[in-house]
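> Provided below: start-v3.txt, containing compact mmCIF, C-alpha atoms.
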```txt
# COMPACT_ATOMS: atom_id res chain seq x y z
CA MET A 1 0.00 0.00 0.00
CA THR A 2 1.39 3.38 -1.07
CA ASN A 3 0.93 6.35 1.23
CA TYR A 4 1.22 9.84 -0.22
CA ASP A 5 1.69 13.19 1.42
CA TRP A 6 -0.93 14.67 -0.90
CA ILE A 7 -3.56 13.36 -3.26
CA VAL A 8 -4.83 15.96 -5.74
CA ILE A 9 -8.18 15.15 -7.35
CA GLY A 10 -8.57 16.67 -10.81
CA ALA A 11 -5.89 17.50 -13.37
CA GLY A 12 -7.30 20.65 -14.91
CA ILE A 13 -5.28 23.82 -14.46
CA THR A 14 -6.07 24.06 -10.74
CA GLY A 15 -5.05 20.50 -9.90
CA SER A 16 -2.07 20.41 -12.25
CA ALA A 17 -0.67 23.71 -10.97
CA LEU A 18 -1.22 22.65 -7.36
CA GLY A 19 0.30 19.20 -7.89
CA TYR A 20 3.36 20.80 -9.46
CA GLU A 21 3.83 23.29 -6.62
CA LEU A 22 3.40 20.57 -3.97
CA ALA A 23 5.96 18.38 -5.75
CA LYS A 24 8.34 21.35 -5.86
CA LYS A 25 8.16 21.46 -2.07
CA GLY A 26 9.21 17.82 -1.89
CA PHE A 27 5.83 16.32 -1.07
CA ARG A 28 5.06 12.85 -2.42
CA THR A 29 2.06 13.74 -4.55
CA LEU A 30 -0.48 11.75 -6.57
CA LEU A 31 -2.51 13.58 -9.21
CA LEU A 32 -5.70 11.81 -10.27
CA GLU A 33 -7.69 12.64 -13.41
CA LYS A 34 -10.83 10.90 -14.67
CA ASP A 35 -10.29 11.49 -18.42
CA ALA A 36 -7.34 10.46 -20.60
CA ARG A 37 -8.37 13.28 -22.94
CA LEU A 38 -9.36 16.35 -21.01
CA ASN A 39 -12.91 17.53 -21.58
CA ASN A 40 -13.14 20.15 -18.87
CA ALA A 41 -13.26 23.88 -18.23
CA THR A 42 -9.49 24.22 -18.73
CA TYR A 43 -9.60 22.62 -22.17
CA TYR A 44 -12.45 24.85 -23.32
CA SER A 45 -11.24 28.05 -21.66
CA TYR A 46 -10.74 31.18 -23.75
CA GLY A 47 -7.24 31.40 -22.25
CA GLY A 48 -7.64 34.98 -21.07
CA LEU A 49 -5.66 36.38 -18.14
CA ALA A 50 -7.72 39.19 -16.56
CA TYR A 51 -4.93 40.56 -14.40
CA TRP A 52 -6.66 43.95 -14.39
CA SER A 53 -9.70 42.56 -12.56
CA GLY A 54 -8.65 42.75 -8.90
CA THR A 55 -11.08 44.74 -6.78
CA THR A 56 -9.55 44.40 -3.30
CA LYS A 57 -6.04 44.48 -1.89
CA LEU A 58 -6.07 40.67 -1.77
CA THR A 59 -7.33 40.03 -5.30
CA ARG A 60 -5.12 42.74 -6.77
CA GLN A 61 -2.09 41.07 -5.21
CA ILE A 62 -3.14 37.68 -6.59
CA CYS A 63 -3.73 39.13 -10.07
CA GLN A 64 -0.33 40.83 -10.10
CA GLU A 65 1.42 37.67 -8.95
CA GLY A 66 -0.53 35.69 -11.55
CA ILE A 67 0.56 37.73 -14.55
CA GLU A 68 4.16 37.76 -13.32
CA ILE A 69 4.13 33.96 -13.09
CA HIS A 70 2.64 33.60 -16.57
CA ARG A 71 5.24 35.87 -18.13
CA ASN A 72 7.94 33.44 -16.98
CA LEU A 73 6.02 30.16 -16.94
CA SER A 74 7.20 28.78 -20.30
CA GLU A 75 10.80 29.05 -19.14
CA GLU A 76 10.01 27.60 -15.71
CA LEU A 77 8.07 24.61 -17.01
CA GLY A 78 10.24 23.98 -20.05
CA ALA A 79 7.35 24.15 -22.53
CA ASP A 80 5.65 26.91 -24.52
CA THR A 81 2.41 28.13 -22.94
CA GLU A 82 1.92 30.54 -25.88
CA PHE A 83 1.76 33.49 -23.51
CA ARG A 84 1.17 36.86 -25.18
CA ASP A 85 -0.17 40.28 -24.37
CA ILE A 86 -3.46 41.00 -26.09
CA ASP A 87 -6.08 43.74 -26.07
CA LEU A 88 -9.39 42.84 -24.46
CA MET A 89 -12.28 44.54 -26.26
CA LEU A 90 -15.46 44.74 -24.19
CA THR A 91 -18.23 45.66 -26.59
CA ILE A 92 -20.90 48.19 -25.58
CA ASP A 93 -24.33 47.62 -27.08
CA ALA A 94 -25.47 50.28 -29.53
CA GLN A 95 -28.29 51.44 -27.24
CA ASP A 96 -26.05 51.83 -24.16
CA ASP A 97 -24.09 54.84 -22.97
CA PRO A 98 -20.31 54.15 -22.95
CA THR A 99 -19.65 56.46 -19.99
CA THR A 100 -22.27 54.71 -17.88
CA VAL A 101 -20.95 51.27 -18.80
CA ALA A 102 -17.35 52.33 -18.09
CA ALA A 103 -18.38 53.49 -14.62
CA ASN A 104 -19.19 49.87 -13.76
CA TYR A 105 -15.47 49.11 -14.08
CA SER A 106 -14.27 51.79 -11.67
CA GLN A 107 -13.56 49.27 -8.89
CA PHE A 108 -11.00 47.28 -10.87
CA ALA A 109 -7.24 47.62 -10.51
CA ILE A 110 -6.86 48.96 -14.06
CA ALA A 111 -9.43 51.33 -15.50
CA PRO A 112 -10.54 50.64 -19.08
CA GLN A 113 -9.94 52.98 -21.97
CA VAL A 114 -13.20 54.03 -23.64
CA LEU A 115 -13.00 53.86 -27.45
CA ASP A 116 -15.60 55.22 -29.82
CA VAL A 117 -16.89 53.15 -32.73
CA ALA A 118 -14.27 54.32 -35.22
CA GLU A 119 -11.40 53.73 -32.79
CA ALA A 120 -12.76 50.32 -31.86
CA CYS A 121 -13.07 49.19 -35.47
CA GLU A 122 -9.61 50.46 -36.30
CA LEU A 123 -8.20 48.30 -33.52
CA GLU A 124 -10.49 45.34 -34.32
CA PRO A 125 -11.69 45.47 -37.95
CA LEU A 126 -13.94 42.42 -37.55
CA LEU A 127 -16.31 44.32 -35.25
CA ASN A 128 -19.69 45.32 -36.64
CA PRO A 129 -19.80 49.14 -36.26
CA ASN A 130 -23.60 49.19 -36.40
CA ALA A 131 -23.92 46.92 -33.35
CA ILE A 132 -21.83 48.89 -30.86
CA ALA A 133 -21.68 52.30 -29.21
CA GLY A 134 -17.98 51.78 -28.55
CA VAL A 135 -15.78 49.42 -26.54
CA LEU A 136 -13.86 49.30 -23.31
CA ARG A 137 -10.23 48.43 -23.98
CA LEU A 138 -8.19 46.68 -21.29
CA PRO A 139 -4.72 45.12 -21.19
CA HIS A 140 -5.06 41.37 -21.07
CA GLY A 141 -2.84 38.32 -21.13
CA HIS A 142 -3.48 35.18 -23.12
CA ILE A 143 -2.22 31.59 -23.05
CA HIS A 144 -3.10 28.31 -24.66
CA PRO A 145 -4.79 26.72 -21.62
CA HIS A 146 -4.43 23.10 -22.71
CA LYS A 147 -0.74 23.45 -23.54
CA THR A 148 -0.18 25.26 -20.25
CA ASN A 149 -1.95 22.47 -18.42
CA LEU A 150 0.17 19.80 -20.11
CA ALA A 151 3.32 21.77 -19.31
CA TYR A 152 2.39 21.77 -15.63
CA GLN A 153 1.74 18.01 -15.71
CA GLN A 154 5.02 17.22 -17.46
CA ALA A 155 6.98 19.34 -14.99
CA PHE A 156 5.11 17.68 -12.13
CA CYS A 157 6.11 14.22 -13.36
CA ARG A 158 9.74 15.29 -13.80
CA LEU A 159 9.73 16.27 -10.13
CA GLY A 160 8.66 12.75 -9.18
CA GLY A 161 4.92 13.31 -9.01
CA GLU A 162 2.62 10.51 -10.12
CA LEU A 163 -0.23 11.14 -12.57
CA LYS A 164 -2.87 8.43 -12.91
CA ILE A 165 -5.98 8.38 -15.11
CA GLU A 166 -8.51 6.94 -12.68
CA PRO A 167 -11.87 8.52 -11.81
CA VAL A 168 -12.32 9.17 -8.09
CA VAL A 169 -15.69 7.84 -6.95
CA ASN A 170 -15.48 8.56 -3.21
CA LEU A 171 -13.28 9.62 -0.34
CA LEU A 172 -11.97 7.29 2.36
CA ARG A 173 -13.52 8.69 5.50
CA GLN A 174 -12.99 7.64 9.10
CA GLY A 175 -15.13 9.83 11.34
CA ASP A 176 -14.03 13.42 10.82
CA ARG A 177 -10.86 12.48 8.97
CA ILE A 178 -10.31 11.83 5.27
CA GLU A 179 -7.59 9.23 4.74
CA GLY A 180 -7.50 9.01 0.96
CA VAL A 181 -9.68 8.21 -2.03
CA VAL A 182 -11.48 5.39 -3.79
CA THR A 183 -11.15 5.22 -7.57
CA ALA A 184 -12.85 2.90 -10.00
CA GLN A 185 -9.78 0.66 -9.80
CA ASN A 186 -8.00 1.23 -6.47
CA GLN A 187 -7.82 2.82 -3.06
CA TYR A 188 -5.09 5.37 -2.35
CA TYR A 189 -4.10 6.69 1.06
CA ALA A 190 -2.63 10.06 1.92
CA ALA A 191 -2.07 12.36 4.85
CA ASN A 192 -3.89 15.05 2.87
CA THR A 193 -6.40 15.08 0.02
CA VAL A 194 -7.29 18.20 -1.94
CA VAL A 195 -10.29 18.39 -4.26
CA CYS A 196 -9.67 20.31 -7.49
CA ALA A 197 -12.47 18.73 -9.52
CA GLY A 198 -14.14 21.96 -10.60
CA GLY A 199 -17.84 21.60 -11.24
CA LEU A 200 -17.80 17.97 -10.06
CA SER A 201 -16.34 18.84 -6.65
CA ARG A 202 -19.71 19.41 -5.02
CA MET A 203 -21.07 16.04 -6.11
CA LEU A 204 -17.89 14.16 -5.16
CA LEU A 205 -17.82 15.64 -1.68
CA LYS A 206 -21.53 14.96 -1.25
CA GLU A 207 -20.82 11.24 -1.80
CA ALA A 208 -18.59 11.43 1.29
CA GLY A 209 -21.28 13.21 3.31
CA ILE A 210 -19.63 16.62 2.97
CA SER A 211 -21.68 19.69 2.05
CA ILE A 212 -20.02 22.70 0.41
CA LYS A 213 -21.32 25.88 -1.19
CA LEU A 214 -19.67 25.45 -4.55
CA TYR A 215 -21.72 25.84 -7.71
CA PHE A 216 -21.37 25.35 -11.45
CA THR A 217 -22.71 26.40 -14.81
CA HIS A 218 -22.95 24.37 -17.97
CA ALA A 219 -20.82 26.43 -20.39
CA GLN A 220 -21.28 25.93 -24.13
CA LEU A 221 -19.15 27.13 -27.04
CA ILE A 222 -18.02 26.37 -30.59
CA LYS A 223 -14.47 25.28 -31.40
CA THR A 224 -13.26 25.85 -34.97
CA PRO A 225 -10.30 24.47 -36.89
CA PRO A 226 -7.60 26.94 -37.99
CA VAL A 227 -9.01 29.49 -40.46
CA ASP A 228 -7.63 32.40 -42.49
CA ILE A 229 -9.74 35.08 -40.77
CA CYS A 230 -7.67 37.08 -38.29
CA LEU A 231 -9.11 38.39 -35.00
CA ARG A 232 -6.60 40.79 -33.45
CA THR A 233 -8.14 41.02 -29.99
CA LEU A 234 -10.16 39.03 -27.46
CA VAL A 235 -13.78 40.16 -27.73
CA MET A 236 -16.42 39.91 -25.00
CA PRO A 237 -19.45 42.00 -23.99
CA ALA A 238 -18.90 44.82 -21.51
CA THR A 239 -22.19 44.08 -19.75
CA GLN A 240 -21.67 40.44 -18.89
CA LYS A 241 -24.73 38.59 -17.74
CA ARG A 242 -22.76 35.81 -16.10
CA MET A 243 -22.05 37.81 -12.94
CA LEU A 244 -25.77 38.34 -12.41
CA LEU A 245 -26.39 34.66 -13.13
CA GLU A 246 -23.88 33.66 -10.43
CA ALA A 247 -25.47 36.03 -7.92
CA GLN A 248 -28.89 34.55 -8.59
CA ALA A 249 -27.57 30.98 -8.34
CA THR A 250 -25.98 31.55 -4.93
CA ALA A 251 -28.93 33.31 -3.30
CA PRO A 252 -29.75 31.77 0.11
CA GLU A 253 -33.39 31.18 -0.75
CA ILE A 254 -32.52 28.73 -3.54
CA GLU A 255 -29.66 26.91 -1.82
CA SER A 256 -31.89 23.89 -1.18
CA LEU A 257 -32.54 23.50 -4.92
CA TRP A 258 -28.89 22.56 -5.45
CA GLU A 259 -29.60 19.33 -3.59
CA GLN A 260 -32.16 18.34 -6.25
CA PRO A 261 -30.12 17.24 -9.28
CA SER A 262 -32.86 17.65 -11.87
CA GLN A 263 -33.36 21.35 -11.26
CA ASP A 264 -33.29 24.04 -13.97
CA PHE A 265 -34.28 27.07 -11.94
CA ILE A 266 -32.55 30.03 -13.61
CA ALA A 267 -32.77 31.02 -17.26
CA GLY A 268 -29.56 30.56 -19.26
CA ILE A 269 -27.62 33.51 -20.67
CA LEU A 270 -25.50 34.24 -23.73
CA ASP A 271 -22.36 36.40 -23.54
CA PRO A 272 -21.28 36.55 -27.20
CA GLY A 273 -17.52 36.63 -27.55
CA ALA A 274 -14.59 35.10 -29.40
CA VAL A 275 -10.87 34.45 -29.16
CA GLN A 276 -8.40 33.18 -31.74
CA PHE A 277 -5.42 31.04 -30.80
CA LEU A 278 -2.01 31.28 -32.41
CA ASP A 279 -2.73 28.34 -34.71
CA GLY A 280 -5.70 30.23 -36.21
CA SER A 281 -8.45 28.27 -34.46
CA PHE A 282 -11.30 30.00 -32.63
CA TYR A 283 -13.43 29.52 -29.55
CA ILE A 284 -16.78 31.21 -30.06
CA GLY A 285 -19.41 31.46 -27.34
CA GLN A 286 -20.57 31.32 -24.80
CA ILE A 287 -23.82 30.18 -23.24
CA SER A 288 -24.03 29.58 -19.49
CA GLU A 289 -26.90 27.56 -18.04
CA ILE A 290 -27.66 26.46 -14.48
CA TYR A 291 -28.66 22.84 -14.06
CA THR A 292 -27.90 21.10 -10.77
CA ASN A 293 -27.44 17.79 -12.59
CA PRO A 294 -23.87 17.68 -13.99
CA GLN A 295 -24.92 15.12 -16.61
CA VAL A 296 -28.06 16.87 -17.85
CA LYS A 297 -28.74 16.53 -21.58
CA ILE A 298 -28.48 19.79 -23.54
CA ASP A 299 -29.74 20.16 -27.12
CA SER A 300 -26.51 20.92 -28.96
CA ALA A 301 -28.24 22.04 -32.17
CA ILE A 302 -30.31 24.69 -30.39
CA SER A 303 -27.34 25.84 -28.35
CA GLU A 304 -25.04 26.13 -31.37
CA ALA A 305 -27.66 28.08 -33.31
CA GLN A 306 -28.04 30.53 -30.42
CA ILE A 307 -24.28 31.07 -30.23
CA ARG A 308 -24.00 31.66 -33.97
CA THR A 309 -26.91 34.10 -33.93
CA GLY A 310 -25.39 36.00 -31.02
CA ILE A 311 -21.92 36.29 -32.53
CA ALA A 312 -23.37 37.35 -35.91
CA THR A 313 -24.38 40.68 -34.41
CA ILE A 314 -20.94 41.59 -33.05
CA LEU A 315 -18.52 39.69 -35.32
CA PRO A 316 -20.56 38.77 -38.43
CA LEU A 317 -17.68 37.12 -40.32
CA LEU A 318 -17.45 34.46 -37.62
CA GLN A 319 -21.09 33.36 -37.74
CA ASN A 320 -20.70 30.57 -40.29
CA LEU A 321 -17.20 29.33 -39.56
CA PRO A 322 -17.01 25.52 -39.49
CA GLY A 323 -16.78 24.24 -35.96
CA THR A 324 -17.96 21.77 -33.35
CA TRP A 325 -20.12 22.45 -30.30
CA HIS A 326 -18.78 21.59 -26.86
CA ARG A 327 -19.86 21.90 -23.26
CA CYS A 328 -18.16 21.77 -19.87
CA LEU A 329 -18.83 22.56 -16.23
CA VAL A 330 -17.48 25.82 -14.83
CA ALA A 331 -17.28 26.06 -11.04
CA PHE A 332 -17.85 29.25 -9.08
CA ALA A 333 -18.37 30.36 -5.49
CA LYS A 334 -20.04 33.28 -3.74
CA ASN A 335 -18.65 36.81 -3.92
CA SER A 336 -16.13 35.96 -6.66
CA LEU A 337 -13.66 34.52 -4.13
CA PRO A 338 -12.30 30.99 -4.52
CA LEU A 339 -12.77 28.26 -1.95
CA VAL A 340 -9.26 27.41 -0.82
CA GLY A 341 -8.33 25.62 2.39
CA ALA A 342 -9.77 23.18 4.91
CA ILE A 343 -13.36 21.97 4.54
CA ASN A 344 -15.76 22.43 7.44
CA HIS A 345 -14.36 20.82 10.61
CA LEU A 346 -12.77 17.84 8.86
CA THR A 347 -9.09 16.98 8.85
CA GLY A 348 -7.04 15.66 5.96
CA VAL A 349 -9.22 17.22 3.25
CA TYR A 350 -9.06 20.55 1.45
CA LEU A 351 -10.74 22.37 -1.41
CA PHE A 352 -9.05 24.31 -4.21
CA SER A 353 -11.79 25.46 -6.56
CA GLY A 354 -14.39 28.10 -7.41
CA PHE A 355 -12.07 30.58 -9.11
CA THR A 356 -13.67 33.44 -11.02
CA SER A 357 -10.52 34.18 -13.06
CA THR A 358 -9.10 30.68 -12.89
CA LEU A 359 -6.14 30.99 -15.24
CA VAL A 360 -4.74 34.06 -13.53
CA PHE A 361 -5.65 33.00 -9.97
CA ALA A 362 -4.68 29.31 -9.93
CA PRO A 363 -0.89 29.54 -10.44
CA PRO A 364 -0.18 32.05 -7.64
CA LEU A 365 -2.65 30.44 -5.24
CA ALA A 366 -1.16 27.02 -5.95
CA ARG A 367 2.23 28.45 -5.02
CA HIS A 368 0.87 30.00 -1.83
CA PHE A 369 -1.00 26.81 -0.92
CA ALA A 370 2.14 24.69 -1.29
CA SER A 371 4.13 27.11 0.88
CA TRP A 372 1.37 27.03 3.48
CA ALA A 373 1.27 23.21 3.32
CA ALA A 374 5.03 23.17 3.94
CA GLN A 375 4.37 25.26 7.07
CA GLU A 376 6.14 28.26 5.62
CA LYS A 377 4.86 31.72 6.46
CA ASP A 378 2.13 32.75 4.04
CA ASN A 379 -0.09 35.82 4.05
CA ILE A 380 -2.64 34.67 1.45
CA ILE A 381 -4.08 31.25 2.30
CA PRO A 382 -5.17 32.24 5.83
CA GLN A 383 -7.35 34.93 4.25
CA LEU A 384 -9.17 32.37 2.11
CA SER A 385 -11.32 29.58 3.47
CA ALA A 386 -13.35 26.68 2.17
CA ASN A 387 -15.39 26.62 5.38
CA ASP A 388 -19.13 26.28 4.90
```
Represent the structure of the file as structure tokens.

Amino acid sequence: MTNYDWIVIGAGITGSALGYELAKKGFRTLLLEKDARLNNATYYSYGGLAYWSGTTKLTRQICQEGIEIHRNLSEELGADTEFRDIDLMLTIDAQDDPTTVAANYSQFAIAPQVLDVAEACELEPLLNPNAIAGVLRLPHGHIHPHKTNLAYQQAFCRLGGELKIEPVVNLLRQGDRIEGVVTAQNQYYAANTVVCAGGLSRMLLKEAGISIKLYFTHAQLIKTPPVDICLRTLVMPATQKRMLLEAQATAPEIESLWEQPSQDFIAGILDPGAVQFLDGSFYIGQISEIYTNPQVKIDSAISEAQIRTGIATILPLLQNLPGTWHRCLVAFAKNSLPLVGAINHLTGVYLFSGFTSTLVFAPPLARHFASWAAQEKDNIIPQLSAND
């Protein structure tokens, strides 16, 4: 029987970054992933690094550390993450007032630049000038999320970490202590287990009799092959409906509905946007829907048609690009703060999930978590908590 210092459940960007940082500290670490080919929120992420989005001293520090890590991550991991600086263009609907919309961004670490229609279309010629009143321009970073994830995993294995493709079906629990995990094939024991399973974390912990306030949306987008059309920027709407959706989904009066896995209790939303990767391929989306059942069936034809109709207004040349529809679960928590740390009053189990800006938050928080786990002085992890 093998005993590990840490078992990390989930090998998306959160689990892979955390596994790597724990291995760097010398911990014997097992990273478990359910899919040989990733089909998760990391794989279908736009790859954006919103390092401008900190609103408090804590989140601004994390954002700044995040972009600094990403600027040097290819060299550190020994593989190209395709990091680049890119303009983020937040489109303002034609009927909206740009000054009023810009005021909604006053709390962020970096204030946006307001561009009129002509300036916006000069910077991003694919924009439809008749559909916008202008844009908010922000400095943004961009990576290839899947390649970054693989780079973390490869570096983790070089450090002696073990990566196994085995779905975790339950936790090994003795009273108030978690002693490891049960997979479809084996049992593994560890002094510490950390759940980084994104949208599946809630259901996994529930199997072990553990209740957490972590939520998820069903995100839907279209992935295209490389094409000749060139999008210079990352385009998203300035008035994003997702934040309102998350607030509605975490309201106390509907908390009990999350325990009923067939529920569809909030109308889905579409935030039309697009990003192009360095190989010329696009992600176009996205729809976010709240269903408490992670395996709920979604009509892909209807969803794809809605995405194409939405993007046609803002970026008409992208509407009919060949592509395939995909979906994934995207985890989130209340108040845009991640759930990081011990769970309830249990020992031996931790949560590392619920990030609002996952790609920029996960690398620095993984580094802080590993330092904290090694009993080094840390000023970040004590401020975050996964307590119910």
> Which residue out of A:Ala251, A:Val340, A:Leu88, A:Leu22 has the minimum interatomic distance to Leu231 of chain A when all atoms listed in the file are used?
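The shortest atom-to-atom distance to Leu231 of chain A comes from A:Leu88.
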> Report as a Markdown table the residues of segment 297-329 of chain A within 12 Å of segment 273-281 of chain A, each with its shortest atom pair and distance in Å (one decimal), using all atoms listed in the file, ordered by chain and increasing residue number.

```
| residue | atom | partner | partner_atom | distance |
| --- | --- | --- | --- | --- |
| A:Ile307 | CA | A:Gly273 | CA | 9.2 |
| A:Arg308 | CA | A:Gly273 | CA | 10.4 |
| A:Thr309 | CA | A:Gly273 | CA | 11.6 |
| A:Gly310 | CA | A:Gly273 | CA | 8.6 |
| A:Ile311 | CA | A:Gly273 | CA | 6.7 |
| A:Ala312 | CA | A:Gly273 | CA | 10.2 |
| A:Thr313 | CA | A:Gly273 | CA | 10.5 |
| A:Ile314 | CA | A:Gly273 | CA | 8.2 |
| A:Leu315 | CA | A:Gly273 | CA | 8.4 |
| A:Pro316 | CA | A:Ala274 | CA | 11.4 |
| A:Leu317 | CA | A:Ala274 | CA | 11.5 |
| A:Leu318 | CA | A:Ala274 | CA | 8.7 |
| A:Gln319 | CA | A:Ala274 | CA | 10.7 |
| A:Leu321 | CA | A:Ser281 | CA | 10.2 |
| A:Pro322 | CA | A:Ser281 | CA | 10.3 |
| A:Gly323 | CA | A:Ser281 | CA | 9.4 |
| A:Thr324 | CA | A:Ser281 | CA | 11.6 |
```
> Identify the residues within 9 Å of coordinate (-24.0, 30.5, -12.8) (same frame as the file), considering only C-alpha atoms, and give the answer as a ChimeraX atom specification.
/A:215-218,242-250,266,268,288-290,330-332
> Give me the residues of segment 165-235 of chain A that have any atom at most 12 Å from an atom of segment 358-366 of chain A; for each, the nearest atom pair and the distance in Å, rounded to one decimal. Use all atoms listed in the file, sort by chain and number, and format it as JSON lines.

```
{"residue": "A:Val194", "atom": "CA", "partner": "A:Ala366", "partner_atom": "CA", "distance": 11.5}
{"residue": "A:Cys196", "atom": "CA", "partner": "A:Ala362", "partner_atom": "CA", "distance": 10.6}
{"residue": "A:Gly198", "atom": "CA", "partner": "A:Thr358", "partner_atom": "CA", "distance": 10.3}
```
> Measuring atom to atom with all atoms listed in the file, identify which of A:Ala219, A:Val195, A:Leu58, A:Ala267 is nearest to Ile380 of chain A.
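Of all the options, A:Leu58 lies closest to Ile380 of chain A.
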